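What's in my_file_9.pdb: PDB, N, CA, C and O atoms
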ATOM      1  N   MET A 222     -13.523  14.584   7.290
ATOM      2  CA  MET A 222     -12.983  13.961   6.109
ATOM      3  C   MET A 222     -13.786  14.463   4.906
ATOM      4  O   MET A 222     -15.005  14.458   4.924
ATOM      5  N   LYS A 223     -13.069  14.877   3.887
ATOM      6  CA  LYS A 223     -13.718  15.382   2.680
ATOM      7  C   LYS A 223     -14.347  14.234   1.883
ATOM      8  O   LYS A 223     -14.013  13.060   2.069
ATOM      9  N   LYS A 224     -15.225  14.612   0.989
ATOM     10  CA  LYS A 224     -15.929  13.631   0.166
ATOM     11  C   LYS A 224     -14.950  12.755  -0.627
ATOM     12  O   LYS A 224     -15.163  11.553  -0.778
ATOM     13  N   LYS A 225     -13.864  13.365  -1.116
ATOM     14  CA  LYS A 225     -12.872  12.612  -1.877
ATOM     15  C   LYS A 225     -12.285  11.479  -1.032
ATOM     16  O   LYS A 225     -12.107  10.362  -1.508
ATOM     17  N   HIS A 226     -11.995  11.778   0.237
ATOM     18  CA  HIS A 226     -11.407  10.768   1.118
ATOM     19  C   HIS A 226     -12.435   9.697   1.487
ATOM     20  O   HIS A 226     -12.094   8.521   1.588
ATOM     21  N   GLN A 227     -13.675  10.095   1.652
ATOM     22  CA  GLN A 227     -14.732   9.125   1.926
ATOM     23  C   GLN A 227     -14.884   8.169   0.736
ATOM     24  O   GLN A 227     -15.093   6.969   0.918
ATOM     25  N   LYS A 228     -14.762   8.717  -0.461
ATOM     26  CA  LYS A 228     -14.849   7.890  -1.669
ATOM     27  C   LYS A 228     -13.687   6.892  -1.716
ATOM     28  O   LYS A 228     -13.877   5.724  -2.063
ATOM     29  N   THR A 229     -12.496   7.343  -1.327
ATOM     30  CA  THR A 229     -11.329   6.456  -1.308
ATOM     31  C   THR A 229     -11.540   5.330  -0.305
ATOM     32  O   THR A 229     -11.260   4.165  -0.608
ATOM     33  N   VAL A 230     -12.055   5.645   0.884
ATOM     34  CA  VAL A 230     -12.331   4.606   1.881
ATOM     35  C   VAL A 230     -13.324   3.602   1.304
ATOM     36  O   VAL A 230     -13.139   2.382   1.439
ATOM     37  N   GLY A 231     -14.357   4.087   0.654
ATOM     38  CA  GLY A 231     -15.343   3.197   0.038
ATOM     39  C   GLY A 231     -14.726   2.283  -0.998
ATOM     40  O   GLY A 231     -15.044   1.089  -1.070
ATOM     41  N   ARG A 232     -13.810   2.826  -1.790
ATOM     42  CA  ARG A 232     -13.142   2.010  -2.816
ATOM     43  C   ARG A 232     -12.214   0.973  -2.188
ATOM     44  O   ARG A 232     -12.099  -0.147  -2.681
ATOM     45  N   VAL A 233     -11.559   1.344  -1.081
ATOM     46  CA  VAL A 233     -10.685   0.399  -0.383
ATOM     47  C   VAL A 233     -11.509  -0.765   0.175
ATOM     48  O   VAL A 233     -11.084  -1.910   0.140
ATOM     49  N   TYR A 234     -12.701  -0.472   0.669
ATOM     50  CA  TYR A 234     -13.564  -1.497   1.261
ATOM     51  C   TYR A 234     -14.367  -2.290   0.229
ATOM     52  O   TYR A 234     -15.001  -3.277   0.574
ATOM     53  N   SER A 235     -14.387  -1.867  -1.020
ATOM     54  CA  SER A 235     -15.218  -2.540  -2.024
ATOM     55  C   SER A 235     -14.741  -3.964  -2.269
ATOM     56  O   SER A 235     -13.575  -4.293  -2.127
ATOM     57  N   ARG A 236     -15.700  -4.799  -2.605
ATOM     58  CA  ARG A 236     -15.424  -6.195  -2.959
ATOM     59  C   ARG A 236     -15.956  -6.430  -4.355
ATOM     60  O   ARG A 236     -17.038  -5.965  -4.656
ATOM     61  N   PRO A 237     -15.277  -7.107  -5.221
ATOM     62  CA  PRO A 237     -13.928  -7.615  -5.057
ATOM     63  C   PRO A 237     -12.916  -6.473  -4.933
ATOM     64  O   PRO A 237     -13.185  -5.342  -5.324
ATOM     65  N   THR A 238     -11.769  -6.809  -4.390
ATOM     66  CA  THR A 238     -10.727  -5.814  -4.149
ATOM     67  C   THR A 238     -10.324  -5.132  -5.444
ATOM     68  O   THR A 238     -10.044  -5.788  -6.439
ATOM     69  N   SER A 239     -10.300  -3.811  -5.396
ATOM     70  CA  SER A 239      -9.961  -3.014  -6.573
ATOM     71  C   SER A 239      -8.450  -2.971  -6.782
ATOM     72  O   SER A 239      -7.689  -2.853  -5.822
ATOM     73  N   GLY A 240      -8.046  -3.047  -8.020
ATOM     74  CA  GLY A 240      -6.634  -2.930  -8.363
ATOM     75  C   GLY A 240      -6.338  -1.643  -9.102
ATOM     76  O   GLY A 240      -5.294  -1.505  -9.722
ATOM     77  N   ASN A 241      -7.261  -0.687  -9.014
ATOM     78  CA  ASN A 241      -7.018   0.572  -9.737
ATOM     79  C   ASN A 241      -7.293   1.807  -8.873
ATOM     80  O   ASN A 241      -7.848   2.783  -9.338
ATOM     81  N   ILE A 242      -6.863   1.750  -7.618
ATOM     82  CA  ILE A 242      -6.930   2.921  -6.740
ATOM     83  C   ILE A 242      -5.560   3.585  -6.789
ATOM     84  O   ILE A 242      -4.539   2.934  -6.528
ATOM     85  N   ALA A 243      -5.536   4.853  -7.112
ATOM     86  CA  ALA A 243      -4.254   5.566  -7.200
ATOM     87  C   ALA A 243      -3.596   5.619  -5.821
ATOM     88  O   ALA A 243      -4.258   5.893  -4.813
ATOM     89  N   TRP A 244      -2.300   5.336  -5.785
ATOM     90  CA  TRP A 244      -1.568   5.387  -4.521
ATOM     91  C   TRP A 244      -1.675   6.773  -3.899
ATOM     92  O   TRP A 244      -1.807   6.905  -2.679
ATOM     93  N   SER A 245      -1.664   7.805  -4.714
ATOM     94  CA  SER A 245      -1.742   9.173  -4.177
ATOM     95  C   SER A 245      -3.039   9.390  -3.394
ATOM     96  O   SER A 245      -3.051  10.117  -2.400
ATOM     97  N   ASP A 246      -4.125   8.734  -3.801
ATOM     98  CA  ASP A 246      -5.392   8.841  -3.063
ATOM     99  C   ASP A 246      -5.295   8.151  -1.707
ATOM    100  O   ASP A 246      -5.791   8.660  -0.702
ATOM    101  N   ILE A 247      -4.647   6.998  -1.665
ATOM    102  CA  ILE A 247      -4.482   6.273  -0.403
ATOM    103  C   ILE A 247      -3.558   7.050   0.527
ATOM    104  O   ILE A 247      -3.830   7.206   1.721
ATOM    105  N   GLU A 248      -2.480   7.582  -0.020
ATOM    106  CA  GLU A 248      -1.541   8.367   0.784
ATOM    107  C   GLU A 248      -2.226   9.617   1.339
ATOM    108  O   GLU A 248      -2.042   9.972   2.504
ATOM    109  N   SER A 249      -3.046  10.260   0.532
ATOM    110  CA  SER A 249      -3.806  11.432   0.972
ATOM    111  C   SER A 249      -4.765  11.056   2.103
ATOM    112  O   SER A 249      -4.914  11.790   3.084
ATOM    113  N   LEU A 250      -5.411   9.899   1.996
ATOM    114  CA  LEU A 250      -6.303   9.415   3.045
ATOM    115  C   LEU A 250      -5.530   9.220   4.351
ATOM    116  O   LEU A 250      -5.988   9.635   5.418
ATOM    117  N   PHE A 251      -4.360   8.582   4.268
ATOM    118  CA  PHE A 251      -3.539   8.394   5.462
ATOM    119  C   PHE A 251      -3.258   9.736   6.138
ATOM    120  O   PHE A 251      -3.366   9.869   7.355
ATOM    121  N   LYS A 252      -2.877  10.722   5.353
ATOM    122  CA  LYS A 252      -2.536  12.037   5.908
ATOM    123  C   LYS A 252      -3.736  12.696   6.583
ATOM    124  O   LYS A 252      -3.598  13.308   7.638
ATOM    125  N   VAL A 253      -4.921  12.561   5.991
ATOM    126  CA  VAL A 253      -6.134  13.129   6.590
ATOM    127  C   VAL A 253      -6.444  12.452   7.918
ATOM    128  O   VAL A 253      -6.957  13.077   8.838
ATOM    129  N   LEU A 254      -6.107  11.171   8.026
ATOM    130  CA  LEU A 254      -6.344  10.440   9.266
ATOM    131  C   LEU A 254      -5.284  10.751  10.324
ATOM    132  O   LEU A 254      -5.360  10.252  11.440
ATOM    133  N   GLY A 255      -4.289  11.567   9.958
ATOM    134  CA  GLY A 255      -3.275  12.000  10.915
ATOM    135  C   GLY A 255      -1.948  11.282  10.806
ATOM    136  O   GLY A 255      -1.120  11.365  11.722
ATOM    137  N   ALA A 256      -1.718  10.600   9.712
ATOM    138  CA  ALA A 256      -0.486   9.826   9.543
ATOM    139  C   ALA A 256       0.707  10.717   9.236
ATOM    140  O   ALA A 256       0.582  11.789   8.660
ATOM    141  N   ASP A 257       1.862  10.207   9.624
ATOM    142  CA  ASP A 257       3.132  10.777   9.210
ATOM    143  C   ASP A 257       3.666   9.833   8.142
ATOM    144  O   ASP A 257       3.904   8.652   8.422
ATOM    145  N   VAL A 258       3.813  10.329   6.923
ATOM    146  CA  VAL A 258       4.266   9.515   5.797
ATOM    147  C   VAL A 258       5.682   9.931   5.452
ATOM    148  O   VAL A 258       5.957  11.113   5.248
ATOM    149  N   SER A 259       6.601   8.952   5.419
ATOM    150  CA  SER A 259       7.989   9.280   5.100
ATOM    151  C   SER A 259       8.562   8.281   4.101
ATOM    152  O   SER A 259       8.134   7.131   4.032
ATOM    153  N   GLU A 260       9.516   8.770   3.339
ATOM    154  CA  GLU A 260      10.173   7.952   2.320
ATOM    155  C   GLU A 260      11.165   7.006   2.976
ATOM    156  O   GLU A 260      11.841   7.362   3.929
ATOM    157  N   ARG A 261      11.244   5.811   2.460
ATOM    158  CA  ARG A 261      12.248   4.836   2.856
ATOM    159  C   ARG A 261      13.079   4.512   1.628
ATOM    160  O   ARG A 261      12.932   5.125   0.591
ATOM    161  N   SER A 262      13.919   3.526   1.727
ATOM    162  CA  SER A 262      14.773   3.181   0.592
ATOM    163  C   SER A 262      13.944   2.624  -0.559
ATOM    164  O   SER A 262      12.891   2.019  -0.360
ATOM    165  N   GLY A 263      14.441   2.858  -1.740
ATOM    166  CA  GLY A 263      13.743   2.389  -2.934
ATOM    167  C   GLY A 263      12.407   3.097  -3.067
ATOM    168  O   GLY A 263      12.306   4.299  -2.913
ATOM    169  N   SER A 264      11.374   2.351  -3.318
ATOM    170  CA  SER A 264      10.054   2.956  -3.480
ATOM    171  C   SER A 264       9.158   2.635  -2.283
ATOM    172  O   SER A 264       7.944   2.600  -2.395
ATOM    173  N   ARG A 265       9.783   2.419  -1.147
ATOM    174  CA  ARG A 265       9.020   2.125   0.061
ATOM    175  C   ARG A 265       8.623   3.404   0.789
ATOM    176  O   ARG A 265       9.335   4.394   0.755
ATOM    177  N   VAL A 266       7.477   3.317   1.443
ATOM    178  CA  VAL A 266       6.936   4.452   2.180
ATOM    179  C   VAL A 266       6.535   3.959   3.561
ATOM    180  O   VAL A 266       5.816   2.961   3.683
ATOM    181  N   ALA A 267       7.008   4.639   4.608
ATOM    182  CA  ALA A 267       6.618   4.292   5.977
ATOM    183  C   ALA A 267       5.439   5.171   6.375
ATOM    184  O   ALA A 267       5.460   6.384   6.169
ATOM    185  N   VAL A 268       4.426   4.547   6.934
ATOM    186  CA  VAL A 268       3.236   5.270   7.379
ATOM    187  C   VAL A 268       3.084   5.031   8.877
ATOM    188  O   VAL A 268       2.946   3.882   9.317
ATOM    189  N   VAL A 269       3.151   6.114   9.659
ATOM    190  CA  VAL A 269       2.963   6.029  11.103
ATOM    191  C   VAL A 269       1.547   6.523  11.384
ATOM    192  O   VAL A 269       1.232   7.691  11.177
ATOM    193  N   LEU A 270       0.696   5.595  11.823
ATOM    194  CA  LEU A 270      -0.707   5.902  12.066
ATOM    195  C   LEU A 270      -1.251   4.893  13.075
ATOM    196  O   LEU A 270      -0.829   3.732  13.069
ATOM    197  N   PHE A 271      -2.149   5.314  13.927
ATOM    198  CA  PHE A 271      -2.751   4.455  14.953
ATOM    199  C   PHE A 271      -1.688   3.896  15.898
ATOM    200  O   PHE A 271      -1.838   2.797  16.434
ATOM    201  N   GLY A 272      -0.592   4.628  16.093
ATOM    202  CA  GLY A 272       0.470   4.172  16.977
ATOM    203  C   GLY A 272       1.293   3.032  16.407
ATOM    204  O   GLY A 272       2.011   2.356  17.135
ATOM    205  N   GLU A 273       1.201   2.800  15.115
ATOM    206  CA  GLU A 273       1.924   1.719  14.451
ATOM    207  C   GLU A 273       2.666   2.263  13.234
ATOM    208  O   GLU A 273       2.300   3.303  12.699
ATOM    209  N   VAL A 274       3.669   1.526  12.811
ATOM    210  CA  VAL A 274       4.383   1.850  11.583
ATOM    211  C   VAL A 274       4.128   0.725  10.594
ATOM    212  O   VAL A 274       4.340  -0.448  10.912
ATOM    213  N   ARG A 275       3.663   1.090   9.414
ATOM    214  CA  ARG A 275       3.479   0.122   8.328
ATOM    215  C   ARG A 275       4.287   0.616   7.139
ATOM    216  O   ARG A 275       4.337   1.813   6.873
ATOM    217  N   VAL A 276       4.909  -0.303   6.448
ATOM    218  CA  VAL A 276       5.705   0.052   5.273
ATOM    219  C   VAL A 276       5.002  -0.505   4.040
ATOM    220  O   VAL A 276       4.654  -1.688   3.976
ATOM    221  N   PHE A 277       4.781   0.378   3.089
ATOM    222  CA  PHE A 277       4.124   0.013   1.836
ATOM    223  C   PHE A 277       5.067   0.285   0.674
ATOM    224  O   PHE A 277       5.962   1.125   0.771
ATOM    225  N   HIS A 278       4.840  -0.403  -0.411
ATOM    226  CA  HIS A 278       5.611  -0.205  -1.632
ATOM    227  C   HIS A 278       4.838   0.751  -2.521
ATOM    228  O   HIS A 278       3.702   0.456  -2.901
ATOM    229  N   ARG A 279       5.426   1.908  -2.806
ATOM    230  CA  ARG A 279       4.779   2.861  -3.709
ATOM    231  C   ARG A 279       4.892   2.318  -5.128
ATOM    232  O   ARG A 279       5.982   2.004  -5.604
ATOM    233  N   PRO A 280       3.766   2.174  -5.809
ATOM    234  CA  PRO A 280       3.818   1.637  -7.168
ATOM    235  C   PRO A 280       4.557   2.581  -8.115
ATOM    236  O   PRO A 280       4.534   3.793  -7.930
ATOM    237  N   HIS A 281       5.214   2.003  -9.082
ATOM    238  CA  HIS A 281       5.852   2.804 -10.109
ATOM    239  C   HIS A 281       5.546   2.169 -11.460
ATOM    240  O   HIS A 281       5.114   1.031 -11.522
ATOM    241  N   LEU A 282       5.700   2.910 -12.460
ATOM    242  CA  LEU A 282       5.288   2.605 -13.822
ATOM    243  C   LEU A 282       3.777   2.769 -13.958
ATOM    244  O   LEU A 282       3.296   3.245 -14.947
ATOM    245  N   SER A 283       3.038   2.378 -12.959
ATOM    246  CA  SER A 283       1.590   2.595 -12.926
ATOM    247  C   SER A 283       1.274   3.310 -11.608
ATOM    248  O   SER A 283       1.855   2.978 -10.578
ATOM    249  N   PRO A 284       0.368   4.248 -11.620
ATOM    250  CA  PRO A 284       0.045   4.954 -10.375
ATOM    251  C   PRO A 284      -0.885   4.157  -9.461
ATOM    252  O   PRO A 284      -1.132   4.547  -8.330
ATOM    253  N   ASN A 285      -1.376   3.012  -9.945
ATOM    254  CA  ASN A 285      -2.376   2.253  -9.202
ATOM    255  C   ASN A 285      -1.762   1.296  -8.193
ATOM    256  O   ASN A 285      -0.741   0.669  -8.454
ATOM    257  N   THR A 286      -2.428   1.177  -7.063
ATOM    258  CA  THR A 286      -2.008   0.297  -5.986
ATOM    259  C   THR A 286      -2.474  -1.121  -6.295
ATOM    260  O   THR A 286      -3.613  -1.319  -6.715
ATOM    261  N   ASP A 287      -1.608  -2.108  -6.069
ATOM    262  CA  ASP A 287      -2.012  -3.486  -6.378
ATOM    263  C   ASP A 287      -3.021  -4.004  -5.352
ATOM    264  O   ASP A 287      -3.172  -3.460  -4.263
ATOM    265  N   LYS A 288      -3.703  -5.072  -5.706
ATOM    266  CA  LYS A 288      -4.783  -5.601  -4.875
ATOM    267  C   LYS A 288      -4.305  -6.056  -3.502
ATOM    268  O   LYS A 288      -5.012  -5.900  -2.509
ATOM    269  N   GLY A 289      -3.117  -6.599  -3.427
ATOM    270  CA  GLY A 289      -2.575  -7.047  -2.135
ATOM    271  C   GLY A 289      -2.378  -5.883  -1.174
ATOM    272  O   GLY A 289      -2.709  -5.985   0.009
ATOM    273  N   ALA A 290      -1.859  -4.780  -1.684
ATOM    274  CA  ALA A 290      -1.657  -3.599  -0.842
ATOM    275  C   ALA A 290      -2.993  -3.003  -0.419
ATOM    276  O   ALA A 290      -3.160  -2.572   0.725
ATOM    277  N   VAL A 291      -3.961  -2.993  -1.331
ATOM    278  CA  VAL A 291      -5.296  -2.470  -0.998
ATOM    279  C   VAL A 291      -5.915  -3.330   0.104
ATOM    280  O   VAL A 291      -6.496  -2.809   1.057
ATOM    281  N   ALA A 292      -5.768  -4.650   0.007
ATOM    282  CA  ALA A 292      -6.296  -5.539   1.036
ATOM    283  C   ALA A 292      -5.617  -5.280   2.378
ATOM    284  O   ALA A 292      -6.266  -5.298   3.432
ATOM    285  N   SER A 293      -4.316  -5.021   2.366
ATOM    286  CA  SER A 293      -3.576  -4.691   3.591
ATOM    287  C   SER A 293      -4.084  -3.396   4.214
ATOM    288  O   SER A 293      -4.264  -3.315   5.428
ATOM    289  N   VAL A 294      -4.294  -2.402   3.374
ATOM    290  CA  VAL A 294      -4.806  -1.119   3.853
ATOM    291  C   VAL A 294      -6.195  -1.322   4.449
ATOM    292  O   VAL A 294      -6.496  -0.820   5.536
ATOM    293  N   ARG A 295      -7.047  -2.078   3.766
ATOM    294  CA  ARG A 295      -8.399  -2.334   4.264
ATOM    295  C   ARG A 295      -8.354  -3.001   5.632
ATOM    296  O   ARG A 295      -9.051  -2.592   6.564
ATOM    297  N   LYS A 296      -7.524  -4.013   5.772
ATOM    298  CA  LYS A 296      -7.429  -4.728   7.054
ATOM    299  C   LYS A 296      -6.974  -3.783   8.163
ATOM    300  O   LYS A 296      -7.511  -3.808   9.269
ATOM    301  N   TRP A 297      -5.993  -2.941   7.865
ATOM    302  CA  TRP A 297      -5.468  -1.998   8.853
ATOM    303  C   TRP A 297      -6.549  -0.997   9.262
ATOM    304  O   TRP A 297      -6.722  -0.698  10.436
ATOM    305  N   LEU A 298      -7.295  -0.496   8.293
ATOM    306  CA  LEU A 298      -8.377   0.446   8.601
ATOM    307  C   LEU A 298      -9.484  -0.239   9.401
ATOM    308  O   LEU A 298     -10.021   0.348  10.352
ATOM    309  N   GLU A 299      -9.826  -1.477   9.044
ATOM    310  CA  GLU A 299     -10.845  -2.226   9.787
ATOM    311  C   GLU A 299     -10.434  -2.425  11.234
ATOM    312  O   GLU A 299     -11.239  -2.247  12.142
ATOM    313  N   GLU A 300      -9.169  -2.806  11.450
ATOM    314  CA  GLU A 300      -8.661  -3.036  12.810
ATOM    315  C   GLU A 300      -8.763  -1.773  13.671
ATOM    316  O   GLU A 300      -8.865  -1.871  14.889
ATOM    317  N   ASN A 301      -8.722  -0.625  13.022
ATOM    318  CA  ASN A 301      -8.747   0.641  13.758
ATOM    319  C   ASN A 301     -10.065   1.394  13.580
ATOM    320  O   ASN A 301     -10.142   2.591  13.808
ATOM    321  N   GLU A 302     -11.081   0.632  13.162
ATOM    322  CA  GLU A 302     -12.459   1.123  13.093
ATOM    323  C   GLU A 302     -12.669   2.353  12.216
ATOM    324  O   GLU A 302     -13.472   3.222  12.536
ATOM    325  N   VAL A 303     -11.923   2.417  11.125
ATOM    326  CA  VAL A 303     -12.183   3.445  10.106
ATOM    327  C   VAL A 303     -13.154   2.805   9.130
ATOM    328  O   VAL A 303     -12.819   1.834   8.464
ATOM    329  N   ILE A 304     -14.369   3.312   9.100
ATOM    330  CA  ILE A 304     -15.414   2.706   8.277
ATOM    331  C   ILE A 304     -15.871   3.649   7.184
ATOM    332  O   ILE A 304     -15.808   4.859   7.352
ATOM    333  N   PRO A 305     -16.345   3.084   6.077
ATOM    334  CA  PRO A 305     -16.814   3.954   4.977
ATOM    335  C   PRO A 305     -18.109   4.652   5.316
ATOM    336  O   PRO A 305     -18.825   4.306   6.194
TER
END
Is it possible to express this structure as structure tokens?
Amino acid sequence: MKKKHQKTVGRVYSRPTSGNIAWSDIESLFKVLGADVSERSGSRVAVVLFGEVRVFHRPHLSPNTDKGAVASVRKWLEENEVIP
């Protein structure tokens, strides 16, 4: 994992939960971890990783991921032992 992705993991795990992580950074992290990312209807994105499918809402108007989505990503990474 490149330094950029390690930094993204650190930001996802930071407390209090950050509301200014660019979705493109999170999506890039998923891909480095081996995810298959595909478009769904509207602004939804399906992420197949760790043998599971999770659907996230790609932010629009702002490139930043909301705190709820960041918390979801953190929980998913914790469950699968991806640590900063």
Checklist line | Chain and number of each residue from the PyMOL selection byres (((chain A and resi 270-272 and name CA) around 10) and name CA), as a list of chain:residue names | finding: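 Given this file, the PyMOL selection byres (((chain A and resi 270-272 and name CA) around 10) and name CA) evaluates to A:Phe251, A:Lys252, A:Leu254, A:Gly255, A:Ala256, A:Asp257, A:Val258, A:Ala267, A:Val268, A:Val269, A:Glu273, A:Val274, A:Arg275, A:Trp297, A:Leu298, A:Glu300, A:Asn301.
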Notebook entry, point to check: Evaluating the PyMOL selection byres ((chain A and resi 266) around 7) on the displayed file yields which residues, as number ranges by chain?
Noted result: A: 258-265, 267-268, 275-279
Next item on the list: One decimal, Å: what's the distance from atom N of Leu282 (chain A) over to CA of Ser249 (chain A), could you say?
Entry: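 Distance between the two atoms: 18.5 Å.
Excluding Gln227 (chain A) and any residue on its chain fewer than 6 positions from it, the residues at most 8 Å away by all atoms listed in the file are Val233, Tyr234, Leu250, Ile304 and Pro305 of chain A.
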Item checked: Atomic separation - CA of Lys224 (chain A) relative to CA of Ser239 (chain A), Å ->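 Between CA of Ser239 (chain A) and CA of Lys224 (chain A) the gap is 18.9 Å.
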Margin query: Using DSSP secondary structure from the backbone, list all alpha helix (DSSP H) positions within region 261-304 of chain A, as a list in words.
Written below: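 Checking each residue of region 261-304 of chain A, the alpha helix (DSSP H) ones are Lys288, Gly289, Ala290, Val291, Ala292, Ser293, Val294, Arg295, Lys296, Trp297, Leu298, Glu299 and Glu300 of chain A.
You will find atom N of Met222 (chain A) at 26.5 Å from atom C of Ser283 (chain A).
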Note to self: I need the residue nearest Pro280 (chain A) from this list: A:Gly231, A:Lys225, A:Ser245, A:Pro237. Use all atoms listed in the file for the distance.
What the structure shows: A:Ser245
Notebook entry, point to check: Which of region 237-294 of chain A counts as strand (DSSP E) under DSSP, as an NGL selection string please?
Noted result: :A and (242-243 or 257-260 or 265-270 or 273-278 or 285-286)
Next item on the list: Have a look at A:Ile242, A:Ile247, A:Val291, A:Val303 and name the one nearest to His226 (chain A); count only C-alpha atoms.
Entry: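 Checking each candidate against His226 (chain A), we get A:Ile247 as the closest.
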Margin query: Just checking: using only N, CA, C and O atoms, which residue out of A:Glu302, A:Ala292, A:Val253, A:Asn285 ends up closest to Thr238 (chain A)?
Written below: A:Ala292
Please write out, as AutoDock Vina command-line options, where the centre of an axis-aligned box around all listed atoms of region 266-275 of chain A lies and how long its edges are, in Å to one decimal, after adding 3 Å on each side.
--center_x 2.4 --center_y 3.6 --center_z 9.3 --size_x 16.2 --size_y 14.1 --size_z 21.7
